[in-house]
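**Student:** This is the content of protein04.cif (mmCIF, C-alpha atoms):
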```
data_query
#
loop_
_atom_site.label_atom_id
_atom_site.label_comp_id
_atom_site.auth_asym_id
_atom_site.auth_seq_id
_atom_site.Cartn_x
_atom_site.Cartn_y
_atom_site.Cartn_z
CA MET F 198 -101.37 94.87 78.85
CA GLU F 199 -100.53 91.44 77.60
CA LEU F 200 -100.71 90.92 73.87
CA LYS F 201 -103.38 88.56 72.65
CA ASN F 202 -103.44 86.64 69.42
CA TYR F 203 -106.09 87.72 66.97
CA GLU F 204 -107.14 86.79 63.50
CA THR F 205 -109.22 88.87 61.17
CA VAL F 206 -110.81 87.90 57.88
CA PHE F 207 -112.13 90.66 55.69
CA ILE F 208 -113.77 90.66 52.29
CA LEU F 209 -113.10 93.42 49.77
CA THR F 210 -115.32 94.30 46.82
CA PRO F 211 -114.46 92.50 43.59
CA VAL F 212 -114.45 95.68 41.54
CA LEU F 213 -111.11 96.75 42.93
CA SER F 214 -107.97 96.45 40.87
CA GLU F 215 -105.10 94.44 42.29
CA ASP F 216 -103.14 97.54 43.24
CA GLN F 217 -106.09 99.05 45.05
CA MET F 218 -106.57 95.83 46.95
CA LYS F 219 -102.93 95.70 47.99
CA ASP F 220 -103.10 99.31 49.10
CA THR F 221 -106.14 98.63 51.22
CA VAL F 222 -104.48 95.67 52.90
CA LYS F 223 -101.38 97.79 53.53
CA LYS F 224 -103.55 100.46 55.07
CA PHE F 225 -104.98 98.05 57.60
CA LYS F 226 -101.59 96.63 58.38
CA LYS F 227 -100.36 100.14 59.03
CA ILE F 228 -103.24 100.83 61.40
CA LEU F 229 -102.27 97.74 63.33
CA THR F 230 -98.57 98.48 63.53
CA ASP F 231 -99.28 102.07 64.49
CA SER F 232 -101.13 100.91 67.56
CA GLY F 233 -98.29 98.62 68.51
CA ALA F 234 -99.44 95.30 67.08
CA GLU F 235 -97.17 92.66 65.66
CA ILE F 236 -98.34 91.08 62.44
CA VAL F 237 -97.79 87.33 62.45
CA SER F 238 -99.00 86.45 59.00
CA GLU F 239 -101.00 87.69 56.07
CA GLU F 240 -102.90 85.63 53.54
CA ASN F 241 -104.75 86.47 50.41
CA TRP F 242 -107.27 83.90 49.25
CA GLY F 243 -108.02 85.90 46.17
CA LEU F 244 -111.36 86.17 44.46
CA LYS F 245 -113.83 83.66 45.86
CA LYS F 246 -117.47 83.06 45.23
CA LEU F 247 -119.68 84.12 48.12
CA ALA F 248 -122.23 81.68 49.50
CA TYR F 249 -124.87 84.42 49.25
CA PRO F 250 -124.81 87.87 47.65
CA ILE F 251 -123.47 90.69 49.79
CA GLN F 252 -124.30 94.19 48.59
CA ASN F 253 -125.56 92.51 45.42
CA LYS F 254 -122.10 91.14 44.63
CA LYS F 255 -121.42 87.46 44.15
CA THR F 256 -117.64 87.33 44.62
CA GLY F 257 -115.08 89.04 46.79
CA PHE F 258 -111.42 89.25 47.67
CA TYR F 259 -110.78 87.39 50.90
CA ASN F 260 -107.88 88.45 53.08
CA LEU F 261 -106.65 87.04 56.34
CA LEU F 262 -104.48 88.84 58.85
CA GLU F 263 -103.05 87.23 61.93
CA PHE F 264 -101.53 89.45 64.56
CA LYS F 265 -100.73 89.98 68.21
CA ALA F 266 -102.20 93.09 69.71
CA ASP F 267 -103.30 94.92 72.76
CA PRO F 268 -107.02 94.27 73.31
CA GLN F 269 -107.79 98.00 73.35
CA SER F 270 -106.60 98.52 69.80
CA ILE F 271 -109.10 96.13 68.24
CA LYS F 272 -111.86 98.68 68.58
CA ASN F 273 -109.96 101.16 66.40
CA LEU F 274 -109.33 98.52 63.79
CA GLU F 275 -112.99 97.66 63.58
CA ILE F 276 -113.96 101.33 63.32
CA GLU F 277 -111.63 101.62 60.36
CA PHE F 278 -113.15 98.54 58.78
CA ARG F 279 -116.59 100.07 59.03
CA ARG F 280 -115.44 103.40 57.64
CA ASP F 281 -113.84 101.90 54.57
CA GLU F 282 -116.39 101.45 51.82
CA THR F 283 -114.45 98.75 50.01
CA VAL F 284 -114.70 96.34 52.94
CA MET F 285 -117.87 94.29 52.58
CA ARG F 286 -117.52 92.06 55.65
CA PHE F 287 -115.02 91.54 58.40
CA LEU F 288 -114.67 89.21 61.32
CA THR F 289 -112.10 89.55 64.11
CA VAL F 290 -111.56 86.56 66.34
CA ALA F 291 -109.44 86.21 69.46
CA LEU F 292 -107.42 83.00 69.35
CA ASP F 293 -106.95 80.78 72.38
CA LYS F 294 -104.01 78.42 72.78
CA TYR F 295 -105.56 75.63 70.71
CA ALA F 296 -106.50 78.02 67.97
CA THR F 297 -103.00 79.49 67.89
CA ALA F 298 -101.45 76.04 67.67
CA TYR F 299 -103.82 75.13 64.86
CA ALA F 300 -103.06 78.36 63.01
CA GLU F 301 -99.35 77.62 63.11
CA LYS F 302 -99.84 74.14 61.77
CA ARG F 303 -102.06 75.45 59.07
CA ARG F 304 -99.48 77.93 57.95
CA LYS F 305 -96.97 75.17 57.52
CA ASN F 306 -99.15 72.58 55.88
CA GLY F 307 -101.92 74.48 54.16
CA MET F 308 -105.66 74.19 54.66
CA GLY F 309 -107.09 71.04 56.09
CA SER F 310 -103.85 70.18 57.87
CA MET F 311 -105.54 69.54 61.16
CA TYR F 312 -107.80 66.80 60.00
CA LYS F 313 -105.26 64.75 58.06
CA SER F 314 -103.48 63.44 61.13
CA LYS F 315 -106.26 61.22 62.43
CA LYS F 316 -103.82 58.34 62.57
CA GLU F 317 -101.33 60.28 64.65
CA GLY F 318 -103.58 60.06 67.67
CA ALA F 319 -104.24 62.70 70.29
CA LYS F 320 -102.62 66.07 69.78
CA LYS F 321 -101.54 68.38 72.52
CA MET X 40 -152.18 41.93 68.47
CA SER X 41 -150.32 40.46 71.40
CA LEU X 42 -150.29 41.80 74.89
CA ILE X 43 -146.50 41.65 74.96
CA ASN X 44 -144.54 44.54 73.49
CA GLU X 45 -143.20 43.57 70.13
CA PRO X 46 -139.48 44.11 69.60
CA ILE X 47 -138.73 47.41 67.91
CA HIS X 48 -136.86 47.06 64.66
CA SER X 49 -134.76 50.13 65.31
CA SER X 50 -132.44 48.16 67.63
CA ARG X 51 -130.02 47.83 64.73
CA HIS X 52 -129.57 51.60 64.66
CA GLU X 53 -129.15 51.87 68.41
CA ASN X 54 -126.38 49.26 68.48
CA ARG X 55 -124.19 51.24 66.07
CA LYS X 56 -121.39 52.74 68.14
CA LYS X 57 -121.75 56.50 68.11
CA TYR X 58 -118.73 58.44 69.15
CA CYS X 59 -117.60 62.01 69.17
CA ARG X 60 -115.07 62.32 66.39
CA PHE X 61 -113.28 65.17 68.13
CA LYS X 62 -112.75 63.30 71.36
CA LYS X 63 -111.61 60.25 69.49
CA SER X 64 -109.07 61.99 67.30
CA GLY X 65 -108.04 64.62 69.84
CA ILE X 66 -108.96 67.65 67.77
CA LYS X 67 -109.23 70.69 70.01
CA TYR X 68 -110.04 73.52 67.67
CA ILE X 69 -112.65 73.70 64.95
CA ASP X 70 -111.73 76.11 62.22
CA TYR X 71 -114.48 78.29 60.82
CA LYS X 72 -112.39 78.96 57.71
CA ASP X 73 -112.67 75.38 56.48
CA PRO X 74 -116.11 75.00 54.85
CA GLU X 75 -115.36 71.53 53.47
CA PHE X 76 -114.97 70.14 56.93
CA LEU X 77 -117.98 72.00 58.29
CA LEU X 78 -120.21 70.54 55.57
CA LYS X 79 -120.22 67.30 57.58
CA PHE X 80 -122.22 68.98 60.34
CA VAL X 81 -124.75 70.66 58.16
CA ASN X 82 -127.62 69.21 56.14
CA GLU X 83 -128.48 69.77 52.50
CA GLN X 84 -130.35 72.95 53.28
CA GLY X 85 -127.40 74.37 55.17
CA LYS X 86 -129.00 73.83 58.57
CA LEU X 87 -126.99 72.51 61.52
CA LEU X 88 -127.44 68.82 62.19
CA PRO X 89 -128.50 67.67 65.66
CA ARG X 90 -126.00 65.94 67.92
CA ARG X 91 -127.84 62.68 67.87
CA LEU X 92 -127.22 62.36 64.14
CA THR X 93 -123.58 63.36 64.09
CA GLY X 94 -122.67 61.73 67.41
CA THR X 95 -120.79 64.80 68.62
CA SER X 96 -120.46 65.50 72.32
CA LEU X 97 -122.08 68.62 73.74
CA LYS X 98 -118.84 70.54 74.21
CA TYR X 99 -117.80 70.10 70.61
CA GLN X 100 -121.27 70.54 69.22
CA ARG X 101 -121.26 74.03 70.69
CA LYS X 102 -117.90 74.74 69.08
CA VAL X 103 -119.15 73.41 65.77
CA SER X 104 -122.17 75.63 66.06
CA VAL X 105 -120.01 78.70 66.67
CA ALA X 106 -117.74 77.79 63.76
CA VAL X 107 -120.65 77.28 61.38
CA LYS X 108 -122.21 80.58 62.37
CA ARG X 109 -118.92 82.41 61.83
CA ALA X 110 -118.50 80.74 58.46
CA ARG X 111 -122.00 81.86 57.54
CA HIS X 112 -121.15 85.41 58.53
CA ILE X 113 -118.18 85.56 56.20
CA ALA X 114 -120.13 83.86 53.42
CA LEU X 115 -118.18 80.62 53.31
CA LEU X 116 -121.38 78.75 54.09
CA PRO X 117 -124.89 79.82 53.17
CA TYR X 118 -127.60 80.54 55.70
CA VAL X 119 -130.29 78.93 53.63
CA THR X 120 -130.11 77.05 50.39
CA ASP X 121 -131.28 73.94 48.64
CA SER X 122 -129.01 71.18 47.38
CA LEU X 123 -125.90 72.22 49.25
CA LYS X 124 -124.16 68.87 48.80
#
```
What does the file become when written as structure tokens?
**Tutor:**
Amino acid sequence: MELKNYETVFILTPVLSEDQMKDTVKKFKKILTDSGAEIVSEENWGLKKLAYPIQNKKTGFYNLLEFKADPQSIKNLEIEFRRDETVMRFLTVALDKYATAYAEKRRKNGMGSMYKSKKEGAKK
Amino acid sequence: MSLINEPIHSSRHENRKKYCRFKKSGIKYIDYKDPEFLLKFVNEQGKLLPRRLTGTSLKYQRKVSVAVKRARHIALLPYVTDSLK
């Protein structure tokens, strides 16, 4: 099976300590590598205010994982997300070629990189 | 009251060149993780703006819609609010 690019954002409860949060992220990375995925990048946006309360909490730890995986293994990842009580929300997205190109640019330049280059003209 | 149709004053608005900002600048992917950018396509209550107001083409309006809905799911944008901007 050909590997596809995926991106998953998940929100952890704010009551966790930093170590617990890191352990949880490691756990999900391990699940991915165990099923043969290759992790491209990992981001931690830290504690952010939620636009609306989730489970009566107003903030959460946002984490982003970018990886290449076999499409069959995504189901297992999502089952693990649902099982874990510390994960409040998650969203897994398959990236097409434009999305992958954008994600690479973003990693280099930081957020909002795509929209700065209006003067550069059309991008491939 | 004349029998001839009087000129509509809204002609000034119709003459303003409306263009799709994505086609013009060549942007191909709309990121759902960027709420600041998505705020341009959403009104003060957090509702999606119609194409005729933003000037977006249909293809990109659908992508914007998907991006906004994803952002709402991960609580980067609210579903309903007042005074968003």
**Student:** Expand the PyMOL selection byres ((chain X) within 9 of (chain F)) into the individual residues it matches in the shown file, reporting them as a ChimeraX atom specification.
**Tutor:** /X:62-70,72-73,75-76,109,111-119
**Student:** Quote the spacing between atom CA of Phe278 of chain F and atom CA of Ala106 of chain X in Å to one decimal place.
**Tutor:**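 Atom CA of Phe278 of chain F sits 21.8 Å away from atom CA of Ala106 of chain X.
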**Student:** Please evaluate the PyMOL selection byres ((chain F and resi 218) around 12) against the displayed coordinates and give the resulting residues as number ranges by chain.
**Tutor:** F: 207-217, 219-225, 241, 243-244, 257-260, 283-284
**Student:** Hey, can you check how far atom CA of Lys108 of chain X sits from atom CA of Lys124 of chain X?
**Tutor:**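 Computed distance, atom CA of Lys108 of chain X to atom CA of Lys124 of chain X, equals 18.0 Å.
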**Student:** From the list F:Glu301, F:Asp231, F:Glu240, F:Glu282, which residue is nearest Leu262 of chain F when using only C-alpha atoms?
**Tutor:** F:Glu240
**Student:** So which residues touch Asn82 of chain X within 10 Å, counting all atoms listed in the file, skipping near sequence neighbours fewer than 3 positions away, as JSON, numbers by chain?
**Tutor:** {"X": [78, 79, 85, 86, 87, 88, 89, 121, 122, 123, 124]}
**Student:** Go through the shown structure with the PyMOL selection byres ((chain X and resi 91) around 12) and write out the matching residues as a PyMOL selection string.
**Tutor:** chain X and resi 52-53+56-59+80+87-90+92-97+100
**Student:** As a CSV table (one decimal), in the coordinates of the input, please: segment 252-263 of chain F completed to all heavy atoms.
**Tutor:**
```csv
chain,number,residue,atom,x,y,z
F,252,GLN,N,-124.2,92.9,49.3
F,252,GLN,CA,-124.3,94.2,48.6
F,252,GLN,C,-124.5,93.9,47.1
F,252,GLN,O,-123.8,94.5,46.3
F,252,GLN,CB,-123.0,95.0,48.8
F,252,GLN,CG,-122.9,95.5,50.2
F,252,GLN,CD,-121.6,96.2,50.5
F,252,GLN,OE1,-120.8,96.4,49.5
F,252,GLN,NE2,-121.3,96.6,51.7
F,253,ASN,N,-125.3,92.9,46.8
F,253,ASN,CA,-125.6,92.5,45.4
F,253,ASN,C,-124.3,92.0,44.7
F,253,ASN,O,-124.4,92.0,43.4
F,253,ASN,CB,-126.2,93.7,44.6
F,253,ASN,CG,-127.5,94.0,45.3
F,253,ASN,OD1,-128.3,93.2,45.7
F,253,ASN,ND2,-127.8,95.3,45.3
F,254,LYS,N,-123.3,91.7,45.3
F,254,LYS,CA,-122.1,91.1,44.6
F,254,LYS,C,-122.0,89.7,44.9
F,254,LYS,O,-122.2,89.2,46.1
F,254,LYS,CB,-120.9,91.9,45.1
F,254,LYS,CG,-121.0,93.4,44.8
F,254,LYS,CD,-119.7,94.1,45.0
F,254,LYS,CE,-119.8,95.6,44.7
F,254,LYS,NZ,-120.5,96.3,45.8
F,255,LYS,N,-121.5,88.9,43.9
F,255,LYS,CA,-121.4,87.5,44.2
F,255,LYS,C,-120.0,86.9,44.5
F,255,LYS,O,-119.9,85.8,44.8
F,255,LYS,CB,-121.9,86.8,42.9
F,255,LYS,CG,-123.4,87.1,42.6
F,255,LYS,CD,-124.0,86.3,41.5
F,255,LYS,CE,-125.4,86.8,41.2
F,255,LYS,NZ,-125.9,86.4,40.0
F,256,THR,N,-119.0,87.8,44.3
F,256,THR,CA,-117.6,87.3,44.6
F,256,THR,C,-117.0,88.4,45.4
F,256,THR,O,-117.5,89.5,45.6
F,256,THR,CB,-116.8,87.1,43.3
F,256,THR,OG1,-116.9,88.3,42.6
F,256,THR,CG2,-117.3,86.0,42.5
F,257,GLY,N,-115.8,88.0,46.0
F,257,GLY,CA,-115.1,89.0,46.8
F,257,GLY,C,-113.7,88.6,47.0
F,257,GLY,O,-113.3,87.4,46.9
F,258,PHE,N,-112.8,89.6,47.3
F,258,PHE,CA,-111.4,89.2,47.7
F,258,PHE,C,-111.3,89.0,49.2
F,258,PHE,O,-111.6,89.9,50.0
F,258,PHE,CB,-110.5,90.5,47.3
F,258,PHE,CG,-110.3,90.7,45.9
F,258,PHE,CD1,-110.8,91.8,45.2
F,258,PHE,CD2,-109.5,89.8,45.2
F,258,PHE,CE1,-110.6,92.0,43.9
F,258,PHE,CE2,-109.3,89.9,43.8
F,258,PHE,CZ,-109.9,91.0,43.2
F,259,TYR,N,-110.9,87.7,49.5
F,259,TYR,CA,-110.8,87.4,50.9
F,259,TYR,C,-109.3,87.6,51.3
F,259,TYR,O,-108.4,87.3,50.7
F,259,TYR,CB,-111.1,85.9,51.1
F,259,TYR,CG,-112.5,85.6,51.2
F,259,TYR,CD1,-113.3,85.5,50.0
F,259,TYR,CD2,-113.1,85.3,52.4
F,259,TYR,CE1,-114.7,85.2,50.1
F,259,TYR,CE2,-114.5,85.0,52.5
F,259,TYR,CZ,-115.2,84.9,51.3
F,259,TYR,OH,-116.6,84.6,51.4
F,260,ASN,N,-109.2,88.2,52.5
F,260,ASN,CA,-107.9,88.4,53.1
F,260,ASN,C,-107.9,88.0,54.5
F,260,ASN,O,-108.9,88.2,55.2
F,260,ASN,CB,-107.5,89.9,53.0
F,260,ASN,CG,-107.1,90.3,51.6
F,260,ASN,OD1,-106.1,90.0,51.1
F,260,ASN,ND2,-108.0,91.1,51.0
F,261,LEU,N,-106.8,87.5,55.0
F,261,LEU,CA,-106.6,87.0,56.3
F,261,LEU,C,-105.4,87.7,57.0
F,261,LEU,O,-104.4,87.7,56.4
F,261,LEU,CB,-106.5,85.5,56.4
F,261,LEU,CG,-106.1,84.9,57.7
F,261,LEU,CD1,-107.2,85.0,58.7
F,261,LEU,CD2,-105.8,83.4,57.4
F,262,LEU,N,-105.6,88.2,58.1
F,262,LEU,CA,-104.5,88.8,58.8
F,262,LEU,C,-104.4,88.2,60.2
F,262,LEU,O,-105.4,88.2,60.9
F,262,LEU,CB,-104.7,90.4,59.0
F,262,LEU,CG,-104.3,91.3,58.0
F,262,LEU,CD1,-104.6,92.7,58.4
F,262,LEU,CD2,-102.8,91.2,57.6
F,263,GLU,N,-103.2,87.8,60.6
F,263,GLU,CA,-103.0,87.2,61.9
F,263,GLU,C,-102.1,88.1,62.7
F,263,GLU,O,-101.0,88.5,62.1
F,263,GLU,CB,-102.4,85.8,61.8
F,263,GLU,CG,-103.2,84.8,62.5
F,263,GLU,CD,-102.5,83.5,62.4
F,263,GLU,OE1,-102.6,82.9,61.3
F,263,GLU,OE2,-101.8,83.1,63.4
```
